[in-house]
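A.B. asks: Structure file data16.txt, compact mmCIF, C-alpha atoms, is pasted below:
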# COMPACT_ATOMS: atom_id res chain seq x y z
CA MET Y 1 8.83 44.94 -28.83
CA SER Y 2 8.79 42.56 -31.74
CA LEU Y 3 6.96 39.27 -31.50
CA ARG Y 4 10.21 37.34 -31.75
CA LYS Y 5 11.83 39.26 -28.88
CA ASP Y 6 8.72 38.86 -26.77
CA ARG Y 7 8.63 35.11 -27.45
CA MET Y 8 12.34 34.75 -26.60
CA ARG Y 9 11.87 36.72 -23.36
CA LYS Y 10 8.95 34.53 -22.33
CA LYS Y 11 10.90 31.40 -23.17
CA GLY Y 12 13.80 32.59 -21.00
CA GLU Y 13 11.45 33.36 -18.12
CA ALA Y 14 9.85 29.93 -18.41
CA GLU Y 15 13.26 28.23 -18.32
CA GLU Y 16 14.26 30.22 -15.23
CA ASN Y 17 10.99 29.34 -13.51
CA THR Y 18 11.44 25.67 -14.35
CA GLU Y 19 14.97 25.66 -12.94
CA GLY Y 20 13.76 27.39 -9.77
CA ARG Y 21 11.00 24.81 -9.37
CA ASN Y 22 13.43 21.95 -9.92
CA GLN Y 23 15.84 23.35 -7.34
CA ALA Y 24 13.02 23.74 -4.79
CA LEU Y 25 11.94 20.13 -5.42
CA ARG Y 26 15.50 18.88 -4.88
CA GLN Y 27 15.67 20.76 -1.57
CA LEU Y 28 12.28 19.42 -0.50
CA LYS Y 29 13.30 15.84 -1.31
CA SER Y 30 16.47 16.29 0.73
CA LEU Y 31 14.51 17.63 3.72
CA ILE Y 32 12.02 14.76 3.50
CA LYS Y 33 14.85 12.24 3.39
CA GLU Y 34 16.41 13.79 6.52
CA PHE Y 35 13.03 13.84 8.25
CA HIS Y 36 12.43 10.18 7.48
CA ALA Y 37 15.84 9.22 8.86
CA ALA Y 38 15.28 11.21 12.06
CA ALA Y 39 11.74 9.86 12.47
CA ARG Y 40 12.89 6.27 11.99
CA LEU Y 41 15.51 6.74 14.69
CA ALA Y 42 13.23 8.56 17.12
CA LEU Y 43 10.28 6.21 16.65
CA LYS Y 44 12.05 2.90 16.14
CA ASP Y 45 10.03 1.35 18.98
CA HIS Y 46 6.72 2.80 17.70
CA PRO Y 47 6.25 1.73 14.08
CA GLN Y 48 2.56 2.70 14.11
CA LYS Y 49 3.55 6.33 14.61
CA LEU Y 50 5.95 6.12 11.67
CA GLU Y 51 3.10 4.92 9.50
CA ALA Y 52 1.04 7.90 10.65
CA PHE Y 53 3.69 10.06 8.96
CA GLY Y 54 3.36 7.99 5.80
CA ILE Y 55 6.63 6.15 6.36
CA ARG Y 56 6.39 2.51 5.36
CA VAL Y 57 7.44 0.02 7.98
CA ARG Y 58 8.24 -3.54 7.12
CA PHE Y 59 7.62 -6.09 9.80
CA LEU Y 60 9.59 -9.30 10.07
CA GLN Y 61 7.43 -12.01 11.54
CA LYS Y 62 9.07 -14.11 14.21
CA GLN Y 63 8.72 -17.83 13.68
Kindly transcribe the structure held in the file into structure tokens.

C.D. replies:
Amino acid sequence: MSLRKDRMRKKGEAEENTEGRNQALRQLKSLIKEFHAAARLALKDHPQKLEAFGIRVRFLQKQ
């Protein structure tokens, strides 16, 4: 195989791998977003547990 063909093949493989990685990251972000929504609903009365999952909780102080 010539060097040019080999380089083009490797470039194509790299682009495919990058697209696969990007697609997996999009799916992961979507799953995390769904998890956060479900966790917020399920644990709305237990904000400390939400924070244990790394979900920020903002408290409004009563005056």

A.B. asks: Figure out the distance between CA of His36 (chain Y) and CA of Ala24 (chain Y), please, to one decimal in Å.

C.D. replies: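 CA of His36 (chain Y) lies at a distance of 18.3 Å from CA of Ala24 (chain Y).
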
A.B. asks: Distance CA of Gln27 (chain Y)-CA of Ala52 (chain Y), one decimal place?

C.D. replies: 23.0 Å

A.B. asks: Using all atoms listed in the file, determine which residues lie at most 12 Å from Gln48 (chain Y), disregarding the query and same-chain residues fewer than 6 positions distant; provide the list as a PyMOL selection string.

C.D. replies: chain Y and resi 39-40+54-59

A.B. asks: How far is it from CA of Phe35 (chain Y) to CA of Glu19 (chain Y), in Å with one decimal?

C.D. replies: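 Answer for the CA of Phe35 (chain Y) to CA of Glu19 (chain Y) separation: 24.3 Å.
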
A.B. asks: Output, as lines of an AutoDock Vina configuration file, the centre and edge lengths in Å (one decimal) of the axis-aligned box that contains all listed atoms of region 22-38 of chain Y with 8 Å of margin on each side.

C.D. replies:
center_x = 14.2
center_y = 16.5
center_z = 1.1
size_x = 20.5
size_y = 30.5
size_z = 38.0

A.B. asks: Supply region 21-39 of chain Y as a PDB file, keeping the file's coordinate frame, with N, CA, C and O atoms built in where the input has gaps.

C.D. replies:
ATOM      1  N   ARG Y  21      11.874  25.871  -9.880  1.00  0.00           N
ATOM      2  CA  ARG Y  21      11.000  24.810  -9.370  1.00  0.00           C
ATOM      3  C   ARG Y  21      11.781  23.535  -9.124  1.00  0.00           C
ATOM      4  O   ARG Y  21      11.638  22.886  -8.081  1.00  0.00           O
ATOM      5  N   ASN Y  22      12.648  23.174 -10.071  1.00  0.00           N
ATOM      6  CA  ASN Y  22      13.430  21.950  -9.920  1.00  0.00           C
ATOM      7  C   ASN Y  22      14.356  22.020  -8.718  1.00  0.00           C
ATOM      8  O   ASN Y  22      14.513  21.042  -7.985  1.00  0.00           O
ATOM      9  N   GLN Y  23      14.962  23.172  -8.489  1.00  0.00           N
ATOM     10  CA  GLN Y  23      15.840  23.350  -7.340  1.00  0.00           C
ATOM     11  C   GLN Y  23      15.043  23.231  -6.040  1.00  0.00           C
ATOM     12  O   GLN Y  23      15.481  22.584  -5.086  1.00  0.00           O
ATOM     13  N   ALA Y  24      13.866  23.828  -5.985  1.00  0.00           N
ATOM     14  CA  ALA Y  24      13.020  23.740  -4.790  1.00  0.00           C
ATOM     15  C   ALA Y  24      12.606  22.293  -4.530  1.00  0.00           C
ATOM     16  O   ALA Y  24      12.595  21.848  -3.370  1.00  0.00           O
ATOM     17  N   LEU Y  25      12.305  21.544  -5.585  1.00  0.00           N
ATOM     18  CA  LEU Y  25      11.940  20.130  -5.420  1.00  0.00           C
ATOM     19  C   LEU Y  25      13.108  19.308  -4.898  1.00  0.00           C
ATOM     20  O   LEU Y  25      12.919  18.428  -4.052  1.00  0.00           O
ATOM     21  N   ARG Y  26      14.312  19.598  -5.381  1.00  0.00           N
ATOM     22  CA  ARG Y  26      15.500  18.880  -4.880  1.00  0.00           C
ATOM     23  C   ARG Y  26      15.696  19.156  -3.394  1.00  0.00           C
ATOM     24  O   ARG Y  26      15.994  18.242  -2.613  1.00  0.00           O
ATOM     25  N   GLN Y  27      15.524  20.411  -2.981  1.00  0.00           N
ATOM     26  CA  GLN Y  27      15.670  20.760  -1.570  1.00  0.00           C
ATOM     27  C   GLN Y  27      14.601  20.074  -0.723  1.00  0.00           C
ATOM     28  O   GLN Y  27      14.887  19.572   0.365  1.00  0.00           O
ATOM     29  N   LEU Y  28      13.375  20.065  -1.230  1.00  0.00           N
ATOM     30  CA  LEU Y  28      12.280  19.420  -0.500  1.00  0.00           C
ATOM     31  C   LEU Y  28      12.552  17.930  -0.340  1.00  0.00           C
ATOM     32  O   LEU Y  28      12.364  17.372   0.748  1.00  0.00           O
ATOM     33  N   LYS Y  29      12.992  17.272  -1.395  1.00  0.00           N
ATOM     34  CA  LYS Y  29      13.300  15.840  -1.310  1.00  0.00           C
ATOM     35  C   LYS Y  29      14.386  15.568  -0.285  1.00  0.00           C
ATOM     36  O   LYS Y  29      14.309  14.592   0.463  1.00  0.00           O
ATOM     37  N   SER Y  30      15.383  16.435  -0.235  1.00  0.00           N
ATOM     38  CA  SER Y  30      16.470  16.290   0.730  1.00  0.00           C
ATOM     39  C   SER Y  30      15.943  16.438   2.161  1.00  0.00           C
ATOM     40  O   SER Y  30      16.294  15.650   3.049  1.00  0.00           O
ATOM     41  N   LEU Y  31      15.093  17.423   2.384  1.00  0.00           N
ATOM     42  CA  LEU Y  31      14.510  17.630   3.720  1.00  0.00           C
ATOM     43  C   LEU Y  31      13.644  16.444   4.129  1.00  0.00           C
ATOM     44  O   LEU Y  31      13.686  16.003   5.283  1.00  0.00           O
ATOM     45  N   ILE Y  32      12.873  15.915   3.195  1.00  0.00           N
ATOM     46  CA  ILE Y  32      12.020  14.760   3.500  1.00  0.00           C
ATOM     47  C   ILE Y  32      12.879  13.552   3.851  1.00  0.00           C
ATOM     48  O   ILE Y  32      12.570  12.807   4.789  1.00  0.00           O
ATOM     49  N   LYS Y  33      13.952  13.366   3.118  1.00  0.00           N
ATOM     50  CA  LYS Y  33      14.850  12.240   3.390  1.00  0.00           C
ATOM     51  C   LYS Y  33      15.452  12.360   4.795  1.00  0.00           C
ATOM     52  O   LYS Y  33      15.508  11.380   5.546  1.00  0.00           O
ATOM     53  N   GLU Y  34      15.871  13.565   5.177  1.00  0.00           N
ATOM     54  CA  GLU Y  34      16.410  13.790   6.520  1.00  0.00           C
ATOM     55  C   GLU Y  34      15.340  13.560   7.583  1.00  0.00           C
ATOM     56  O   GLU Y  34      15.602  12.972   8.635  1.00  0.00           O
ATOM     57  N   PHE Y  35      14.121  14.043   7.310  1.00  0.00           N
ATOM     58  CA  PHE Y  35      13.030  13.840   8.250  1.00  0.00           C
ATOM     59  C   PHE Y  35      12.747  12.366   8.458  1.00  0.00           C
ATOM     60  O   PHE Y  35      12.578  11.899   9.589  1.00  0.00           O
ATOM     61  N   HIS Y  36      12.692  11.609   7.381  1.00  0.00           N
ATOM     62  CA  HIS Y  36      12.430  10.180   7.480  1.00  0.00           C
ATOM     63  C   HIS Y  36      13.505   9.485   8.313  1.00  0.00           C
ATOM     64  O   HIS Y  36      13.179   8.634   9.148  1.00  0.00           O
ATOM     65  N   ALA Y  37      14.755   9.840   8.101  1.00  0.00           N
ATOM     66  CA  ALA Y  37      15.840   9.220   8.860  1.00  0.00           C
ATOM     67  C   ALA Y  37      15.712   9.552  10.346  1.00  0.00           C
ATOM     68  O   ALA Y  37      15.854   8.661  11.200  1.00  0.00           O
ATOM     69  N   ALA Y  38      15.428  10.805  10.666  1.00  0.00           N
ATOM     70  CA  ALA Y  38      15.280  11.210  12.060  1.00  0.00           C
ATOM     71  C   ALA Y  38      14.058  10.538  12.690  1.00  0.00           C
ATOM     72  O   ALA Y  38      14.109  10.069  13.839  1.00  0.00           O
ATOM     73  N   ALA Y  39      12.960  10.481  11.954  1.00  0.00           N
ATOM     74  CA  ALA Y  39      11.740   9.860  12.470  1.00  0.00           C
ATOM     75  C   ALA Y  39      11.953   8.371  12.717  1.00  0.00           C
ATOM     76  O   ALA Y  39      11.504   7.841  13.743  1.00  0.00           O
TER      77      ALA Y  39
END
